[in-house]
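Chemist: Please read through the structure below; I'll follow up with questions.
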Amino acid sequence: MFVYRMRRVDCKRCGVKVEQVPWATGKHRACDAFRLFLSRWAKRLSWSETADAFQSSWDTVYRSVQWVVEFGLNHRSLDGIEAVGVDEVAYSKGHNYMTLVYQIDHGMKRLLFIGKDRCESTLRDIFQQFGQEKCAGIKVVCSDMWKPYLNVIRDQLPNALNILDRFHIVKKLNEAVDQVRREETKAMRREGYEPVLTSSRYCFLKRYSNLTRNQEDKLADLLRYDLRTVRAYCHKEAFDAFWQYKSAYWAGWFLTKWCTRVMRSRLEPMKKFVGTMRNHEELIMNYFKTKERYSSGIVEGLNLKVNLTMRKAYGFKSFPVMETALYHQLGHLPEPEFAHRFC
């Protein structure tokens with residue numbers, strides 16, 4: 001520990017002035033090298049564990065991280081960004097969401113911006129903060145099917161190819177299959193039939209290669225019945241061939257044929273899914289135009305790291321503190337440089 005009392009002068013003309021020293025800035029009680037040291041360990045451990053390990057306090061660790069994040073945000077480069085991903089993540093109970101924008105270029109995947117709330121104005125403010133010139137340079141953007149996001153992307157990113165990729169589409173399709181199963185289960189229970197669909201949810205939703213032995217046996221038994229859920233499951237499995245196409249033309253041909261068959265199936269949740277596909281067909285086909293180089297799977301992986309960061313801290317008491325932690329963990333921010341290290 002290094003103890004030094006800085007000289008303090010009360011000048012009649014200039015007011016109170018405190019001596020500046022090269023190893024510390026501002027009114028912090030810790031030197032800059034130690035703050036950088038604490039911030040690096042705060043990426044590995046929770047802030048409380050970092051404070052306990054190095055005989056400091058939670059507040060000192062937080063202010064150290066905050067100082068490093070502020071430096072990084074002021075010195076980071078946002079040039080040359082060509083691909084971004086947009087998504088929302090719940091950060092507390094009560095449907096409280098934040099909007100996240102990531103860079104998903106090859107070789108650089110990082111968090112760019114955080115906006116409080118999930119609304120059109122939040123995303124619009126983020127892109128305005130990004131700047132008109134940099135927005136014009138973005139070539140690819142991955143997002144979900146939420147209409148307010150699509151409106152902002154269309155207005156603010158005029159040169160970007162908007163991709164609605166496999167992850168979100170398969171999620172919607174699984175929800176449709178599960179809705180058919182739930183409705184049929186209730187109908188069979190109401191009409192007094194044998195409850196053969198009990199405990200069968202994941203038999204229909206998981207990939208066949210991921211099924212357990214018991215789930216395989218259960219699914220094989222269910223496929224012998226003439227059930228609405230079985231027909232929905234067969235349509236879902238057939239749709240998997242859509243992702244095997246390399247040509248956007250032939251992928252579109254398959255999609256048209258598949259949608260026509262499903263519309264004749266009299267399965268309302270599946271027909272609703274087809275309506276969604278037809279409304280967003282142009283954006284879905286962009287997945288093939290980019291040769292599958294970009295997908296929202298990258299975004300979902302970054303969302304997982306966001307949730308892990310919040311879980312490691314057992315939650316954050318305020319949004320600004322959480323924002324600082326996420327930038328620190330996922331922003332790939334530059335750090336201050338020193339001629340020496342804290343050891």
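Residues in the structure tokens are named by chain (A, B, ... in the order shown) and by number from 1 within that chain; ligands are numbered from 1 in the order shown.
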May I have the residues within 10 Å of segment 242-255 of chain A as a list in words, using only C-alpha atoms and disregarding those fewer than 2 positions away in the same chain?

Modeler: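 Final neighbour list, sorted by chain and number: Asp165, Arg166, Ala238, Phe239, Asp240, Lys257, Trp258, Cys259, Thr260, Val274, Met277, Arg278, Glu281, Glu282, Ile284, Met285, Asn286, Tyr287, Phe288, Lys289, Thr290, Lys291 and Glu292 of chain A.
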
Chemist: If you keep C-alpha atoms, can you produce a file of those selected residues as a PDB file, in the first residue's frame?

Modeler:
```pdb
ATOM      1  CA  ASP A 165     -32.706 -16.271 -40.134  1.00  0.00           C
ATOM      2  CA  ARG A 166     -33.139 -19.821 -39.037  1.00  0.00           C
ATOM      3  CA  ALA A 238     -40.302 -31.536 -43.787  1.00  0.00           C
ATOM      4  CA  PHE A 239     -39.558 -27.830 -43.412  1.00  0.00           C
ATOM      5  CA  ASP A 240     -36.007 -28.654 -42.309  1.00  0.00           C
ATOM      6  CA  LYS A 257     -44.853 -25.668 -52.097  1.00  0.00           C
ATOM      7  CA  TRP A 258     -44.529 -26.253 -48.359  1.00  0.00           C
ATOM      8  CA  CYS A 259     -46.767 -23.302 -47.455  1.00  0.00           C
ATOM      9  CA  THR A 260     -49.445 -24.524 -49.900  1.00  0.00           C
ATOM     10  CA  VAL A 274     -47.464 -19.711 -42.844  1.00  0.00           C
ATOM     11  CA  MET A 277     -43.677 -16.548 -43.399  1.00  0.00           C
ATOM     12  CA  ARG A 278     -45.477 -15.053 -46.379  1.00  0.00           C
ATOM     13  CA  GLU A 281     -40.701 -13.903 -47.242  1.00  0.00           C
ATOM     14  CA  GLU A 282     -38.382 -11.305 -48.787  1.00  0.00           C
ATOM     15  CA  ILE A 284     -36.247 -14.625 -44.988  1.00  0.00           C
ATOM     16  CA  MET A 285     -34.755 -15.177 -48.436  1.00  0.00           C
ATOM     17  CA  ASN A 286     -31.954 -12.717 -47.581  1.00  0.00           C
ATOM     18  CA  TYR A 287     -30.495 -15.540 -45.486  1.00  0.00           C
ATOM     19  CA  PHE A 288     -29.496 -17.305 -48.702  1.00  0.00           C
ATOM     20  CA  LYS A 289     -28.260 -14.136 -50.402  1.00  0.00           C
ATOM     21  CA  THR A 290     -25.540 -13.739 -47.757  1.00  0.00           C
ATOM     22  CA  LYS A 291     -24.408 -17.358 -48.306  1.00  0.00           C
ATOM     23  CA  GLU A 292     -25.273 -18.147 -44.662  1.00  0.00           C
TER      24      GLU A 292
END
```

Chemist: Do you know which residues are at most 10 Å from Val196 of chain A counting only C-alpha atoms, after dropping those on the same chain fewer than 3 positions away, and could you put them as a list of chain:residue names?

Modeler: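 Once the adjacent positions are removed, what remains is A:Thr185, A:Met188, A:Arg189, A:Tyr193, A:Ser199, A:Ser200, A:Lys218, A:Asp221, A:Leu222, A:Tyr225.
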
Chemist: Could you save those same residues with C-alpha atoms as a short mmCIF file (atom, residue, chain, number, x, y, z; two decimals), in the first residue's frame?

Modeler:
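Dumped everything to result13.cif:
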```cif
data_model
loop_
_atom_site.label_atom_id
_atom_site.label_comp_id
_atom_site.auth_asym_id
_atom_site.auth_seq_id
_atom_site.Cartn_x
_atom_site.Cartn_y
_atom_site.Cartn_z
CA THR A 185 -54.38 -32.63 -25.45
CA MET A 188 -58.76 -35.52 -25.85
CA ARG A 189 -59.07 -34.98 -22.11
CA TYR A 193 -59.85 -40.34 -24.83
CA SER A 199 -45.32 -35.79 -21.35
CA SER A 200 -44.69 -35.66 -25.10
CA LYS A 218 -42.39 -42.40 -26.94
CA ASP A 221 -45.32 -44.97 -30.39
CA LEU A 222 -47.10 -41.64 -31.04
CA TYR A 225 -51.67 -42.59 -34.21
#
```

Chemist: Give me, as an NGL selection string, all polymer residues having an atom no more than 9 Å from Lys17 of chain A, counting only C-alpha atoms and skipping those fewer than 6 positions away in the same chain.

Modeler: :A and (7-11)

Chemist: For segment 263-271 of chain A, work out the shell of residues within 7 Å, counting only C-alpha atoms and skipping chain neighbours fewer than 4 positions away, then give it as a list of chain:residue names.

Modeler: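 Selected residues are A:Ala176, A:Val177, A:Gln179, A:Val180, A:Cys259, A:Gly275.
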
Chemist: Of the candidates A:Gln329, A:Leu223, A:Lys139, A:Met108, which shows the shortest atom-to-atom distance to Lys312 of chain A, using only C-alpha atoms?

Modeler: A:Gln329

Chemist: Need to verify the contact set: Lys43 of chain A, 10 Å, only C-alpha atoms, exclusion of same-chain residues closer than 5 positions in sequence. Can you return it as a PDB file with C-alpha atoms, in the first residue's frame?

Modeler:
```
ATOM      1  CA  LEU A  38      -9.251  -4.638 -10.246  1.00  0.00           C
ATOM      2  CA  THR A  50     -12.953  -9.294  -6.501  1.00  0.00           C
ATOM      3  CA  VAL A  65     -14.767  -0.706 -13.767  1.00  0.00           C
ATOM      4  CA  THR A 309     -23.035 -11.569 -16.657  1.00  0.00           C
ATOM      5  CA  ALA A 325     -20.964  -4.224 -16.408  1.00  0.00           C
ATOM      6  CA  HIS A 328     -17.034  -4.009 -19.588  1.00  0.00           C
ATOM      7  CA  GLN A 329     -17.676  -7.693 -20.248  1.00  0.00           C
ATOM      8  CA  LEU A 330     -18.765  -7.666 -23.911  1.00  0.00           C
TER       9      LEU A 330
END
```
